[in-house]
>>> print(open('work_28.cif').read())   # mmCIF, C-alpha atoms
data_target
loop_
_atom_site.label_atom_id
_atom_site.label_comp_id
_atom_site.auth_asym_id
_atom_site.auth_seq_id
_atom_site.Cartn_x
_atom_site.Cartn_y
_atom_site.Cartn_z
CA ILE G 891 -14.00 4.14 15.02
CA ASP G 892 -12.13 1.07 16.24
CA SER G 893 -11.68 2.20 19.84
CA LEU G 894 -12.33 5.32 21.90
CA LYS G 895 -10.77 4.35 25.21
CA LYS G 896 -7.06 3.72 25.51
CA TRP G 897 -6.97 3.55 29.29
CA ASP G 898 -9.08 2.39 32.20
CA PHE G 899 -7.88 1.42 35.65
CA LYS G 900 -7.66 -2.27 34.73
CA SER G 901 -5.57 -1.65 31.59
CA ILE G 902 -3.36 0.86 33.42
CA LEU G 903 -2.53 -1.74 36.07
CA LYS G 904 -1.95 -4.47 33.47
CA PHE G 905 0.32 -2.47 31.18
CA SER G 906 2.15 -0.77 34.04
CA ILE G 907 3.38 -4.20 35.11
CA ILE G 908 4.37 -5.06 31.53
CA ASP G 909 6.10 -1.70 31.08
CA PHE G 910 8.00 -2.17 34.32
CA PHE G 911 9.74 -5.19 32.83
CA ASN G 912 10.46 -3.19 29.68
CA PHE G 913 11.91 -0.17 31.47
CA TYR G 914 14.96 -0.31 29.20
CA ARG G 915 12.74 1.03 26.38
CA ILE G 916 13.20 4.46 27.92
CA SER G 917 11.41 6.58 25.31
CA PHE G 918 8.39 4.29 25.17
CA PHE G 919 8.30 3.89 28.95
CA PHE G 920 8.09 7.64 29.64
CA GLN G 921 5.66 8.18 26.78
CA THR G 922 3.14 5.66 28.11
CA PHE G 923 3.76 6.77 31.69
CA SER G 924 2.87 10.38 30.86
CA SER G 925 -0.16 9.17 28.89
CA LYS G 926 -1.47 7.25 31.90
CA ILE G 927 -0.87 10.15 34.31
CA LYS G 928 -2.64 12.54 31.93
CA TYR G 929 -5.65 10.21 31.82
CA LEU G 930 -5.77 9.82 35.63
CA LEU G 931 -5.51 13.57 36.25
CA THR G 932 -7.65 14.95 33.41
CA ASN G 933 -9.69 11.98 32.10
CA TYR G 934 -8.28 12.83 28.65
CA GLU G 935 -8.94 10.05 26.12
CA GLU G 936 -6.10 9.71 23.59
CA TYR G 937 -8.33 7.84 21.17
CA TRP G 938 -11.08 10.50 21.17
CA ASN G 939 -9.81 12.24 18.03
CA PHE G 940 -13.00 13.59 16.47
CA ASP G 941 -11.89 17.23 16.68
CA LYS G 942 -8.50 16.47 15.14
CA ILE G 943 -10.11 14.66 12.21
CA THR G 944 -12.64 17.47 11.70
CA GLU G 945 -9.81 20.01 11.48
CA LEU G 946 -8.11 17.94 8.77
CA GLU G 947 -11.39 17.55 6.85
CA ASN G 948 -12.03 21.30 6.95
CA GLN G 949 -8.47 22.15 5.92
CA TYR G 950 -8.65 20.01 2.77
CA ASN G 951 -12.40 20.22 2.15
CA LEU G 952 -12.85 16.47 2.56
CA LEU G 953 -15.82 14.25 3.36
CA SER G 954 -14.94 11.18 5.43
CA THR G 955 -16.59 7.85 6.05
CA TYR G 956 -16.82 6.83 9.72
CA PHE G 957 -17.31 3.11 10.39
CA LEU G 958 -19.29 2.73 13.62
CA GLY G 959 -19.63 -0.42 15.73
CA VAL G 960 -23.12 -0.92 17.16
CA ASP G 961 -22.82 -4.49 18.46
CA THR G 962 -24.39 -4.89 21.92
CA HIS G 963 -24.33 -8.68 22.33
CA LYS G 964 -20.61 -9.08 22.93
CA ASP G 965 -17.82 -6.79 24.10
CA SER G 966 -16.70 -6.07 20.54
CA PHE G 967 -16.25 -2.33 21.08
CA ASP G 968 -15.30 -0.21 24.07
CA TYR G 969 -17.92 2.47 23.47
CA ASP G 970 -21.69 2.76 23.81
CA ILE G 971 -23.59 4.21 20.85
CA ASP G 972 -26.21 5.52 23.31
CA GLY G 973 -23.60 7.55 25.19
CA GLU G 974 -24.34 11.27 25.28
CA ASP G 975 -20.84 12.38 24.27
CA LEU G 976 -20.65 9.96 21.35
CA ASN G 977 -24.12 10.90 20.11
CA GLU G 978 -23.06 14.52 20.08
CA GLU G 979 -20.07 13.63 17.88
CA LEU G 980 -22.22 11.49 15.57
CA SER G 981 -24.62 14.40 15.08
CA LYS G 982 -21.69 16.63 14.11
CA ILE G 983 -20.52 14.01 11.60
CA LEU G 984 -23.92 13.89 9.92
CA ASN G 985 -24.31 17.69 9.96
CA LYS G 986 -21.10 18.11 7.99
CA LYS G 987 -22.43 15.66 5.35
CA CYS G 988 -19.94 12.89 6.15
CA GLU G 989 -20.96 9.24 6.02
CA ILE G 990 -21.54 6.79 8.87
CA ALA G 991 -21.31 3.11 7.89
CA LEU G 992 -21.37 -0.15 9.84
CA LEU G 993 -18.27 -1.57 11.51
CA ALA G 994 -19.33 -5.21 11.81
CA PRO G 995 -17.96 -7.18 14.81
CA GLU G 996 -15.22 -9.72 14.26
CA TYR G 997 -17.42 -12.74 14.96
CA SER G 998 -19.87 -11.76 12.19
CA VAL G 999 -17.44 -13.00 9.54
CA LYS G 1000 -19.43 -16.26 9.35
CA GLU G 1001 -22.49 -15.35 11.39
CA ASP G 1002 -25.49 -13.49 9.98
CA ILE G 1003 -26.16 -10.80 12.58
CA TYR G 1004 -26.18 -7.91 10.11
CA ALA G 1005 -29.88 -7.06 9.73
CA SER G 1006 -30.42 -5.54 13.19
CA GLN G 1007 -27.10 -3.68 13.17
CA LYS G 1008 -27.66 -2.33 9.67
CA LYS G 1009 -31.07 -1.03 10.81
CA ILE G 1010 -29.44 0.90 13.67
CA ILE G 1011 -27.14 2.66 11.20
CA SER G 1012 -30.02 3.23 8.80
CA ASP G 1013 -32.17 4.79 11.55
CA LEU G 1014 -29.25 6.94 12.71
CA THR G 1015 -28.42 8.28 9.23
CA ASN G 1016 -31.92 8.16 7.74
CA LYS G 1017 -30.49 6.34 4.73
CA THR G 1018 -31.12 2.97 3.10
CA LYS G 1019 -27.79 2.61 1.27
CA ILE G 1020 -25.46 1.41 4.02
CA GLY G 1021 -21.83 0.36 3.69
CA VAL G 1022 -19.99 -2.16 5.86
CA ARG G 1023 -16.47 -2.96 7.03
CA GLN G 1024 -15.42 -5.99 9.06
CA GLN G 1025 -13.67 -5.34 12.36
CA ASN G 1026 -9.90 -5.99 12.14
CA SER G 1027 -10.35 -6.85 8.46
CA GLU G 1028 -11.69 -10.31 9.33
CA TYR G 1029 -13.16 -11.66 6.12
CA ASN G 1030 -14.09 -14.91 4.42
CA SER G 1031 -14.55 -14.41 0.68
CA LYS G 1032 -16.84 -17.45 0.40
CA VAL G 1033 -19.13 -16.71 3.37
CA THR G 1034 -18.85 -13.03 4.33
CA ALA G 1035 -19.41 -11.77 0.78
CA GLU G 1036 -22.63 -13.80 0.48
CA LEU G 1037 -23.85 -12.48 3.86
CA HIS G 1038 -23.17 -8.90 2.83
CA ASP G 1039 -25.10 -9.44 -0.39
CA LYS G 1040 -27.97 -11.15 1.40
CA ASN G 1041 -28.35 -8.09 3.64
CA ASN G 1042 -28.24 -5.67 0.69
CA PHE G 1043 -25.23 -3.64 1.72
CA HIS G 1044 -24.27 -0.90 -0.71
CA TYR G 1045 -20.58 -1.77 -0.50
CA ASP G 1046 -17.96 -3.49 1.64
CA SER G 1047 -14.57 -2.00 2.52
CA SER G 1048 -12.84 -4.77 4.46
CA GLN G 1049 -10.24 -5.76 1.91
CA TYR G 1050 -6.69 -4.59 2.56
CA CYS G 1051 -3.24 -6.04 3.08
CA ALA G 1052 -3.04 -6.64 6.82
CA LYS G 1053 0.75 -6.64 7.28
CA ILE G 1054 1.84 -3.90 4.88
CA SER G 1055 -0.30 -1.54 2.83
CA GLY G 1056 -0.59 -2.24 -0.89
CA PHE G 1057 -2.80 -3.70 -3.59
CA LYS G 1058 -4.44 -6.86 -2.27
CA ASN G 1059 -4.58 -9.40 -5.10
CA GLY G 1060 -3.23 -6.64 -7.33
CA ILE G 1061 -6.58 -4.80 -7.39
CA ALA G 1062 -6.74 -0.98 -7.42
CA SER G 1063 -10.41 -0.40 -8.22
CA GLY G 1064 -13.88 -1.42 -7.10
CA PHE G 1065 -14.94 -4.98 -7.92
CA ARG G 1066 -17.64 -7.55 -7.25
CA TYR G 1067 -17.33 -11.15 -6.13
CA PHE G 1068 -19.00 -13.93 -8.10
CA ARG G 1069 -21.95 -15.59 -6.43
CA LYS G 1070 -22.14 -19.32 -5.72
CA ILE G 1071 -24.42 -21.25 -8.09
CA ASN G 1072 -25.49 -24.55 -6.51
CA TYR G 1073 -27.90 -25.65 -9.23
CA GLU G 1074 -27.85 -26.46 -12.91
CA ILE G 1075 -28.61 -23.47 -15.12
CA PRO G 1076 -31.30 -24.18 -17.75
CA GLU G 1077 -30.12 -23.71 -21.32
CA GLY G 1078 -30.93 -20.24 -22.62
CA ASP G 1079 -31.27 -18.63 -19.16
CA ILE G 1080 -29.25 -15.48 -18.47
CA ILE G 1081 -27.73 -15.48 -14.99
CA ASN G 1082 -25.98 -12.57 -13.29
CA PHE G 1083 -23.03 -14.28 -11.64
CA SER G 1084 -21.72 -11.20 -9.78
CA LEU G 1085 -22.91 -10.15 -6.34
CA ASN G 1086 -24.82 -6.90 -6.14
CA HIS G 1087 -22.73 -5.05 -3.57
CA LEU G 1088 -19.42 -3.44 -4.47
CA GLU G 1089 -16.05 -4.22 -2.88
CA ILE G 1090 -13.86 -1.14 -2.35
CA PRO G 1091 -10.34 -2.23 -1.32
CA VAL G 1092 -8.25 -0.05 0.99
CA ILE G 1093 -4.83 0.69 -0.50
CA PHE G 1094 -3.26 2.32 2.56
CA ALA G 1095 -4.19 1.73 6.22
CA ALA G 1096 -2.33 3.63 8.94
CA GLY G 1097 -2.81 0.70 11.29
CA THR G 1098 -0.33 -1.36 9.27
CA LEU G 1099 2.41 1.06 10.38
CA VAL G 1100 2.23 -0.37 13.89
CA LEU G 1101 4.74 -3.22 14.03
CA SER G 1102 4.37 -3.98 17.74
CA ARG G 1103 3.39 -2.30 20.98
CA TYR G 1104 6.82 -0.72 21.08
CA LYS G 1105 7.66 -0.10 17.42
CA VAL G 1106 6.20 1.62 14.34
CA VAL G 1107 7.45 2.08 10.80
CA PRO G 1108 9.76 5.15 10.59
CA GLU G 1109 8.03 8.28 9.26
CA GLU G 1110 10.22 8.70 6.18
CA GLU G 1111 9.71 5.05 5.26
CA ALA G 1112 5.94 5.50 5.59
CA LYS G 1113 6.04 8.57 3.32
CA GLN G 1114 8.05 6.66 0.73
CA LEU G 1115 5.48 3.84 0.80
CA VAL G 1116 2.59 6.29 0.39
CA ARG G 1117 4.33 8.04 -2.49
CA LYS G 1118 4.81 4.74 -4.34
CA LEU G 1119 1.21 3.65 -3.73
CA ILE G 1120 -0.20 6.93 -5.04
CA SER G 1121 2.09 6.78 -8.09
CA ASN G 1122 1.09 3.20 -8.87
CA THR G 1123 -2.60 4.01 -8.43
CA LYS G 1124 -2.25 6.97 -10.80
CA ASP G 1125 -0.53 4.79 -13.42
CA VAL G 1126 -3.56 2.49 -13.62
CA GLN G 1127 -6.10 5.29 -13.04
CA GLY G 1128 -7.26 3.42 -9.97
CA LEU G 1129 -8.95 4.17 -6.69
CA PHE G 1130 -6.75 5.27 -3.78
CA ALA G 1131 -8.75 4.50 -0.64
CA PHE G 1132 -6.90 5.19 2.61
CA ASP G 1133 -7.81 4.60 6.24
CA PHE G 1134 -6.88 6.42 9.44
CA SER G 1135 -8.54 4.94 12.50
CA MET G 1136 -9.17 6.73 15.80
CA THR G 1137 -6.37 4.77 17.44
CA SER G 1138 -3.83 5.39 14.68
CA PHE G 1139 -3.67 9.11 15.52
CA ALA G 1140 -2.48 8.15 19.00
CA ASN G 1141 -0.47 5.01 18.31
CA VAL G 1142 1.40 6.44 15.31
CA LYS G 1143 2.58 9.83 16.54
CA TYR G 1144 3.31 11.19 13.06
CA SER G 1145 -0.14 10.25 11.67
CA GLU G 1146 -1.22 13.86 11.35
CA ASN G 1147 1.97 14.75 9.45
CA LEU G 1148 1.43 11.73 7.21
CA PHE G 1149 -2.15 12.78 6.52
CA HIS G 1150 -0.90 16.21 5.39
CA TYR G 1151 1.71 14.50 3.23
CA ILE G 1152 -0.90 12.30 1.51
CA GLN G 1153 -3.03 15.33 0.68
CA LYS G 1154 -0.06 17.25 -0.72
CA GLU G 1155 0.84 14.29 -2.95
CA LEU G 1156 -2.76 13.95 -4.17
CA GLU G 1157 -2.93 17.67 -4.95
CA LYS G 1158 -0.19 17.16 -7.55
CA ILE G 1159 -2.53 15.09 -9.73
CA LYS G 1160 -6.09 15.46 -10.95
CA THR G 1161 -8.35 13.54 -8.56
CA TYR G 1162 -11.96 13.15 -7.54
CA HIS G 1163 -12.65 12.50 -3.86
CA ASP G 1164 -15.80 11.51 -1.99
CA THR G 1165 -17.06 9.28 0.80
CA PHE G 1166 -17.09 5.52 0.26
CA GLU G 1167 -20.84 5.81 -0.34
CA GLY G 1168 -20.28 8.48 -2.99
CA ILE G 1169 -17.60 6.41 -4.74
CA ALA G 1170 -19.74 3.26 -4.65
CA THR G 1171 -22.75 5.15 -6.04
CA TRP G 1172 -20.63 6.58 -8.87
CA ILE G 1173 -19.16 3.19 -9.80
CA THR G 1174 -22.62 1.56 -9.73
CA LYS G 1175 -24.06 4.31 -11.95
CA ARG G 1176 -21.14 3.95 -14.33
CA ASP G 1177 -21.63 0.17 -14.50
CA ASP G 1178 -25.25 0.76 -15.55
CA VAL G 1179 -24.17 2.69 -18.65
CA PHE G 1180 -24.73 0.47 -21.69
CA ILE G 1181 -22.32 0.76 -24.65
CA ARG G 1182 -22.77 -1.06 -27.93
CA GLU G 1183 -20.54 -0.80 -31.02
CA LYS G 1184 -21.32 -2.18 -34.47
CA ASN G 1185 -20.37 -1.16 -37.98
CA ARG G 1186 -18.54 2.00 -36.86
CA ARG G 1187 -21.58 3.16 -34.94
CA ILE G 1188 -21.37 3.49 -31.13
CA ASN G 1189 -24.55 3.72 -29.06
CA ILE G 1190 -24.29 4.80 -25.40
CA TYR G 1191 -27.31 4.61 -23.11
CA PHE G 1192 -27.35 6.54 -19.82
CA PRO G 1193 -30.14 5.35 -17.48
CA HIS G 1194 -29.10 7.89 -14.79
CA TYR G 1195 -28.20 11.56 -14.75
CA PHE G 1196 -24.50 12.36 -15.03
CA SER G 1197 -22.99 15.78 -14.39
CA HIS G 1198 -19.74 14.55 -15.98
CA PHE G 1199 -18.81 11.44 -17.94
CA THR G 1200 -15.62 10.67 -19.86
CA CYS G 1201 -14.97 7.90 -22.33
CA ARG G 1202 -12.16 7.10 -24.73
CA ILE G 1203 -12.32 5.60 -28.19
CA LEU G 1204 -9.42 3.23 -28.65
CA GLY G 1205 -7.55 2.96 -31.90
CA ASP G 1206 -6.86 5.34 -34.76
CA HIS G 1207 -10.42 6.54 -35.31
CA LYS G 1208 -11.97 9.90 -36.12
CA ILE G 1209 -15.47 10.97 -35.14
CA ALA G 1210 -17.77 11.88 -38.03
CA VAL G 1211 -21.03 12.54 -36.13
CA ILE G 1212 -22.10 12.78 -32.48
CA ASP G 1213 -25.72 13.64 -31.61
CA TYR G 1214 -25.02 15.42 -28.30
CA ASP G 1215 -24.13 19.10 -27.89
CA ASP G 1216 -22.60 19.40 -24.43
CA VAL G 1217 -19.45 17.40 -25.17
CA LYS G 1218 -15.80 18.33 -25.59
CA ILE G 1219 -13.58 16.16 -27.80
CA VAL G 1220 -9.84 16.12 -27.19
CA ASP G 1221 -7.95 13.58 -29.29
CA ASN G 1222 -9.96 10.39 -28.73
CA TYR G 1223 -11.35 11.44 -25.36
CA LEU G 1224 -14.99 12.55 -25.07
CA TYR G 1225 -15.90 14.73 -22.09
CA PHE G 1226 -19.69 14.77 -21.64
CA HIS G 1227 -21.51 17.19 -19.34
CA ASN G 1228 -25.01 17.30 -17.83
CA ILE G 1229 -26.38 14.11 -19.35
CA PRO G 1230 -30.08 13.67 -18.47
CA SER G 1231 -31.35 10.29 -17.33
CA ASP G 1232 -32.72 7.93 -19.99
CA THR G 1233 -30.48 9.41 -22.70
CA ASN G 1234 -29.21 7.68 -25.86
CA ILE G 1235 -26.12 9.12 -27.56
CA THR G 1236 -24.96 7.94 -30.98
CA ILE G 1237 -21.42 8.33 -32.26
CA ILE G 1238 -20.54 7.56 -35.88
CA LEU G 1239 -16.90 7.04 -36.81
CA GLU G 1240 -15.37 8.06 -40.10
CA VAL G 1241 -14.65 5.37 -42.65
CA PRO G 1242 -10.86 5.18 -43.00
CA SER G 1243 -9.43 6.07 -46.38
CA VAL G 1244 -8.42 3.03 -48.41
CA THR G 1245 -4.93 3.14 -49.87
CA LYS G 1246 -4.49 2.04 -53.50
CA PRO G 1247 -3.32 -1.60 -53.64
CA ILE G 1248 0.14 -2.27 -54.97
CA ASN G 1249 0.22 -3.54 -58.54
CA GLU G 1250 1.21 -7.17 -58.29
CA GLU G 1251 2.85 -7.00 -61.75
CA SER G 1252 5.57 -4.77 -60.38
CA PHE G 1253 6.93 -7.76 -58.51
CA VAL G 1254 7.21 -9.90 -61.61
CA ASP G 1255 10.72 -10.30 -63.02
CA GLU G 1256 11.01 -9.42 -66.64
#
>>> encode(input="work_28.cif", output="structure tokens")
Amino acid sequence: IDSLKKWDFKSILKFSIIDFFNFYRISFFFQTFSSKIKYLLTNYEEYWNFDKITELENQYNLLSTYFLGVDTHKDSFDYDIDGEDLNEELSKILNKKCEIALLAPEYSVKEDIYASQKKIISDLTNKTKIGVRQQNSEYNSKVTAELHDKNNFHYDSSQYCAKISGFKNGIASGFRYFRKINYEIPEGDIINFSLNHLEIPVIFAAGTLVLSRYKVVPEEEAKQLVRKLISNTKDVQGLFAFDFSMTSFANVKYSENLFHYIQKELEKIKTYHDTFEGIATWITKRDDVFIREKNRRINIYFPHYFSHFTCRILGDHKIAVIDYDDVKIVDNYLYFHNIPSDTNITIILEVPSVTKPINEESFVDE
């Protein structure tokens, strides 16, 4: 929820003067002119797209994550979280089981103001696991990551390519930054060098389609980009996180068509979809699974309950014994179901047959 108000009288006056000197952009001129007139006559907000997003969610049975700005100290956002209309929309979001996370103001990139704002989101959602995204993707990997960890955020979703959508630093899955160690580690001590919170990078952001106030990426070019990103994500079995902001549905006129296109492309492959909170929780649970292999014996410990869990045994191995019933084995893939918490599963691999060694005498010339 980056902005909810495209026009006010001050902005109408400002941009009317700018548009006057750009009258030769005929299509854009009449488009913005009609938008302003519509606002003046009906008070219709082009950025107030909650109903449009809800229709898309219902059509594809999706759960979205809404990043909400709650900063009150500076004019970071053009909406008031105490407003009656906005509170009504927020209640609808929570009733449909979608997620509300924190949209941190731009200046917080190096300033620790998170605690009070995180509490507002926590009180609103009645949850303790809160995600965060930095406004306008402002981020400092050395400072911001440490601040997010200090304030116990569940995940951060600020990382994306600002100019054109893609895989920032070549990453297509959740990851964690390493923490700074400013002291000498005693010999024998075990230190966890990774930060606790998860980073979930955004692969496609509709905002990157806006090239300037007057120009956006052509629709067919945007579809081609999306198709390539989904294909590349599938190839590495990665995480395809995409972002449509409130403003993108107004500033990129074909956003709704593009959203339909993304869903149709995703329906062609087997996928799992959830809110950012749901994805972060799944990845964290998966990271807690402990796997140990020694002498053709594999031990897997599940500290949490899993409705489904899949693993693959690499190499040319055959399974001799597995002490769990609700599992389906296809080739070297194991598909587990309904694993209780605090469960140990043991897999024993067959000993490969040993071929008879070649008689060295056969190589001796007579």
>>> closest_residue(input="work_28.cif", among="G:Lys1118, G:Lys1000, G:Lys1124, G:His1207", to="G:Leu1037", atoms="only C-alpha atoms")
G:Lys1000
>>> resolve_selection(input="work_28.cif", expression="the PyMOL selection byres ((chain G and resi 953) around 10)", output="short mmCIF file (atom, residue, chain, number, x, y, z; two decimals) with C-alpha atoms, in the coordinates of the input")
data_model
loop_
_atom_site.label_atom_id
_atom_site.label_comp_id
_atom_site.auth_asym_id
_atom_site.auth_seq_id
_atom_site.Cartn_x
_atom_site.Cartn_y
_atom_site.Cartn_z
CA THR G 944 -12.64 17.47 11.70
CA GLU G 947 -11.39 17.55 6.85
CA ASN G 948 -12.03 21.30 6.95
CA TYR G 950 -8.65 20.01 2.77
CA ASN G 951 -12.40 20.22 2.15
CA LEU G 952 -12.85 16.47 2.56
CA SER G 954 -14.94 11.18 5.43
CA THR G 955 -16.59 7.85 6.05
CA TYR G 956 -16.82 6.83 9.72
CA ILE G 983 -20.52 14.01 11.60
CA LYS G 986 -21.10 18.11 7.99
CA LYS G 987 -22.43 15.66 5.35
CA CYS G 988 -19.94 12.89 6.15
CA GLU G 989 -20.96 9.24 6.02
CA HIS G 1163 -12.65 12.50 -3.86
CA ASP G 1164 -15.80 11.51 -1.99
CA THR G 1165 -17.06 9.28 0.80
CA PHE G 1166 -17.09 5.52 0.26
CA GLY G 1168 -20.28 8.48 -2.99
#
>>> atom_distance(input="work_28.cif", atom1="atom CA of G:Asp1213", atom2="atom CA of G:Gln1127")
28.3 Å
>>> atom_distance(input="work_28.cif", atom1="atom CA of G:Lys1154", atom2="atom CA of G:Asn939")
21.7 Å
>>> closest_residue(input="work_28.cif", among="G:Ala1005, G:Leu1088, G:Ala1062, G:Leu1239", to="G:Asp1177", atoms="all atoms listed in the file")
G:Leu1088
>>> closest_residue(input="work_28.cif", among="G:Asp968, G:Glu1146, G:Glu1110, G:Asp1039", to="G:Glu945", atoms="all atoms listed in the file")
G:Glu1146
>>> closest_residue(input="work_28.cif", among="G:Cys1051, G:Val1033, G:Ala1170, G:Leu992", to="G:Ile1090", atoms="all atoms listed in the file")
G:Ala1170
>>> resolve_selection(input="work_28.cif", expression="the PyMOL selection byres ((chain G and resi 1198) around 7)", output="ChimeraX atom specification")
/G:1196-1197,1199-1200,1226-1228
>>> atom_distance(input="work_28.cif", atom1="atom CA of G:Lys1008", atom2="atom CA of G:Phe1139")
27.2 Å
